[in-house]
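Structure record follows, encoded as structure tokens.
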Protein chains: 2
Amino acid sequence: MEDLTEGPEGIRLSGETSRYVARVLRLASGDPLTLFDGSGWEFDSTVQGIARGRVTVRVQGRRRGKRAPSVEISLGLGLLKGQKSELVLQKAVELGVREIRPMVTSRTVRTVDPERAEQRVVRWEKIAREASRQSGRADVPKIRPVASFNQVVTEAASFDLRILLSERAGQPLRAVARGIEAPTGKILVVAGPEGGFSPEEETLAVGHGFVPVSLGPRTLRAETAAILGVGLVQFEFGDLGELRRTGDP
Amino acid sequence: MEDLTEGPEGIRLSGETSRYVARVLRLASGDPLTLFDGSGWEFDSTVQGIARGRVTVRVQGRRRGKRAPSVEISLGLGLLKGQKSELVLQKAVELGVREIRPMVTSRTVRTVDPERAEQRVVRWEKIAREASRQSGRADVPKIRPVASFNQVVTEAASFDLRILLSERAGQPLRAVARGIEAPTGKILVVAGPEGGFSPEEETLAVGHGFVPVSLGPRTLRAETAAILGVGLVQFEFGDLGELRRTGDP
């Protein structure tokens, strides 16, 4: 548990988590609290005290988290302008993606400054942690380093299903789902930047086993397509269409 | 066509549309252009000229727009904090809603200032026009005046299907879709503000024929639930799962 440190008086939460517990959740000594460790475990805990901005808790027991997604969806995301990549990241985490692979594609408008790349990974990891916590996920999705579209596509052989969100003729997602008999444990969804993928990129992806999928007759903005792409894949193959369990928040 | 005026030299577009045509699309004299009139018609036109910031076009013919959504989805949206209502509005238009009904619910955080309400309608109508244009829709969704949750729920009898996005136990959307035999031409989706609906509100809605629908085991932010709710309803009942037609942009 990276943001916890164990001491004689219990487990001391990180500054960021302490602030969330004390100021947002407004918990006090004796209040119950469920902690998530980022790899799928949940810990039943009790707040022991708050001192110098850090919350101390005592852990009573642990169990496997129930709210980890039932399929593993990775999102290959063409970097978007402004704060739009961050918006997609936050929503994709809520919708249960396991991993984000930021991509530079032929139509990427945003220039990728190598010096700021590290800062971005730190910021993205923070957004992923916050979105995981907010949505009650017991795990935190991985943020991969920025890669080229070619690299993401050519290294996708380990996925059971590879989906490219296409602005051109693509199959409806439901037809793709109906055509599948093999289990689809690991799914990669690639979403383009503003302007979408080039015909050459789509051809390359199809050559590597990607299925172009259409999101209907209207033109969606890049960030809408990415969010909906993840949501619909989670709905068709994962748990977004499932019943909410008793005891879920 | 509200933003067009007809003159001897052809039809003069509004300032807003002219800027879009000249600066974003970068069209010049002789370029073809398809105009949408906001009620479902498309007009094949040619740019005649640009003078004093206004574009003049000549219309060759008109046809019924092909990209109007195939079911009529209305979204009852609990007003959200900051710019989040506007984000949902933009995405909902891309996803094909016909109408937005902003709602004040028991957990609405945002205060509704009557003096600014009119400004907001103007701003929302602009966002709806822009999102329609961007997505290639031939119609512009209606923005209704802000109403109370009770009002929206009790005046929903004309809808064929009424869906309440619930954070509590709700049915999976697919089960709702399977259980329906009657045609579902008009669908109302109501989405709560931050904090969701109160138990009393859900009970009231169920009493008026609303089906509570679950969006899976994770807690979605209010804006994510609203966007996904519209997207999934369009996917299950509408055209989001359809094949993209040849000739679509």
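Following the order of the structure tokens, first chain is A, next is B, and so on, with residues numbered from 1 inside each chain and ligands from 1 in the order they appear.
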ask   = Can you list, as a list in words, every protein, DNA or RNA residue that comes within 7 Å of Arg218 in chain A when you count only C-alpha atoms, leaving out same-chain residues fewer than 5 positions away?
value = Arg67, Glu94, Ser135, Gly136 and Arg137 of chain B
query = Can you list, as a PyMOL selection string, every protein, DNA or RNA residue that comes within 6 Å of range 145-158 of chain A when you count only C-alpha atoms, leaving out same-chain residues fewer than 5 positions away?
reply = chain A and resi 102-105+205
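Across B:Arg12, B:Val190, B:Ala222, B:Phe237, the tightest approach to Arg178 in chain B is made by B:Phe237 when counting only C-alpha atoms.
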inquiry  = What does the Cα RMSD come to when chain A is optimally superposed on chain B over every C-alpha atom in order?
reply    = 0.1 Å
key: Residue among A:Gly76, A:Gly196, A:Gly229, A:Gly209 lying closest to Arg162 in chain A, counting only C-alpha atoms   =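 Between A:Gly76, A:Gly196, A:Gly229, A:Gly209, the residue approaching Arg162 in chain A most closely is A:Gly209.
Of the listed residues A:Ala226, A:Glu118, A:Leu80, A:Leu240, the one whose atoms come nearest to Ser214 in chain B is A:Leu240, with distances taken using only C-alpha atoms.
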key: Option closest in space to Leu204 in chain A, from A:Leu89, A:Leu173, A:Leu164, A:Gln60 [counting only C-alpha atoms]   =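 Looking only at the distances to Leu204 in chain A, the closest residue turns out to be A:Leu164.
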query = Just how far from CA of Leu161 in chain A is CA of Val71 in chain A, in Å to one decimal?
reply =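 Interatomic distance, CA of Val71 in chain A to CA of Leu161 in chain A: 11.0 Å.
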key: Long-range neighbours of Leu188 in chain A as a ChimeraX atom specification, 7 Å cut-off, only C-alpha atoms, 6 positions minimum in chain   = /A:73-75,159,161-163
task = From a DSSP pass on the backbone, collect the residues of range 95-184 of chain B flagged as helix (DSSP H, G or I) and hand them back as a PyMOL selection string.
result = chain B and resi 114-135+149-154+173-178
Pull C-alpha atoms from the residues just selected and write them as a JSON list (two decimals), in the first residue's frame.
```
[["chain", "number", "residue", "atom", "x", "y", "z"],
["B", 114, "PRO", "CA", -33.88, 33.36, -11.76],
["B", 115, "GLU", "CA", -32.20, 36.48, -13.17],
["B", 116, "ARG", "CA", -29.44, 34.40, -14.74],
["B", 117, "ALA", "CA", -31.75, 31.64, -15.90],
["B", 118, "GLU", "CA", -32.48, 33.40, -19.16],
["B", 119, "GLN", "CA", -28.77, 33.90, -19.89],
["B", 120, "ARG", "CA", -28.26, 30.23, -19.26],
["B", 121, "VAL", "CA", -30.95, 29.21, -21.72],
["B", 122, "VAL", "CA", -29.26, 31.39, -24.37],
["B", 123, "ARG", "CA", -25.87, 29.85, -23.59],
["B", 124, "TRP", "CA", -27.27, 26.31, -23.57],
["B", 125, "GLU", "CA", -29.02, 26.88, -26.90],
["B", 126, "LYS", "CA", -25.71, 28.04, -28.37],
["B", 127, "ILE", "CA", -23.94, 24.92, -27.03],
["B", 128, "ALA", "CA", -26.74, 22.74, -28.46],
["B", 129, "ARG", "CA", -26.46, 24.42, -31.89],
["B", 130, "GLU", "CA", -22.68, 24.03, -31.95],
["B", 131, "ALA", "CA", -22.78, 20.41, -30.83],
["B", 132, "SER", "CA", -25.46, 19.61, -33.42],
["B", 133, "ARG", "CA", -23.39, 21.17, -36.17],
["B", 134, "GLN", "CA", -20.21, 19.45, -35.02],
["B", 135, "SER", "CA", -21.90, 16.05, -34.94],
["B", 149, "PHE", "CA", -37.96, 17.03, -10.36],
["B", 150, "ASN", "CA", -41.57, 16.52, -9.26],
["B", 151, "GLN", "CA", -42.84, 18.43, -12.25],
["B", 152, "VAL", "CA", -40.70, 16.49, -14.74],
["B", 153, "VAL", "CA", -41.72, 13.15, -13.23],
["B", 154, "THR", "CA", -45.41, 13.86, -12.94],
["B", 173, "LEU", "CA", -30.56, -1.67, -18.93],
["B", 174, "ARG", "CA", -30.39, -4.82, -21.04],
["B", 175, "ALA", "CA", -33.04, -6.50, -18.90],
["B", 176, "VAL", "CA", -35.25, -3.44, -19.41],
["B", 177, "ALA", "CA", -34.71, -3.60, -23.17],
["B", 178, "ARG", "CA", -35.49, -7.34, -23.28]]
```
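Shortest atom-to-atom contact with Asp160 in chain A among A:Gly15, A:Gly61, A:Gly185, A:Gly231: A:Gly185, counting only C-alpha atoms.
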query = Quick one: distance from CA of Glu16 in chain B to CA of Arg52 in chain B in Å, one decimal?
reply = 12.9 Å
task = Could you jot down the CA of Thr111 in chain A to CA of Arg221 in chain A separation for me, Å, one decimal place?
result = 19.4 Å
note = If you count only C-alpha atoms, the residue of A:Pro217, A:Gly207, A:Gly10, A:Pro32 closest to Arg54 in chain A turns out to be A:Gly10
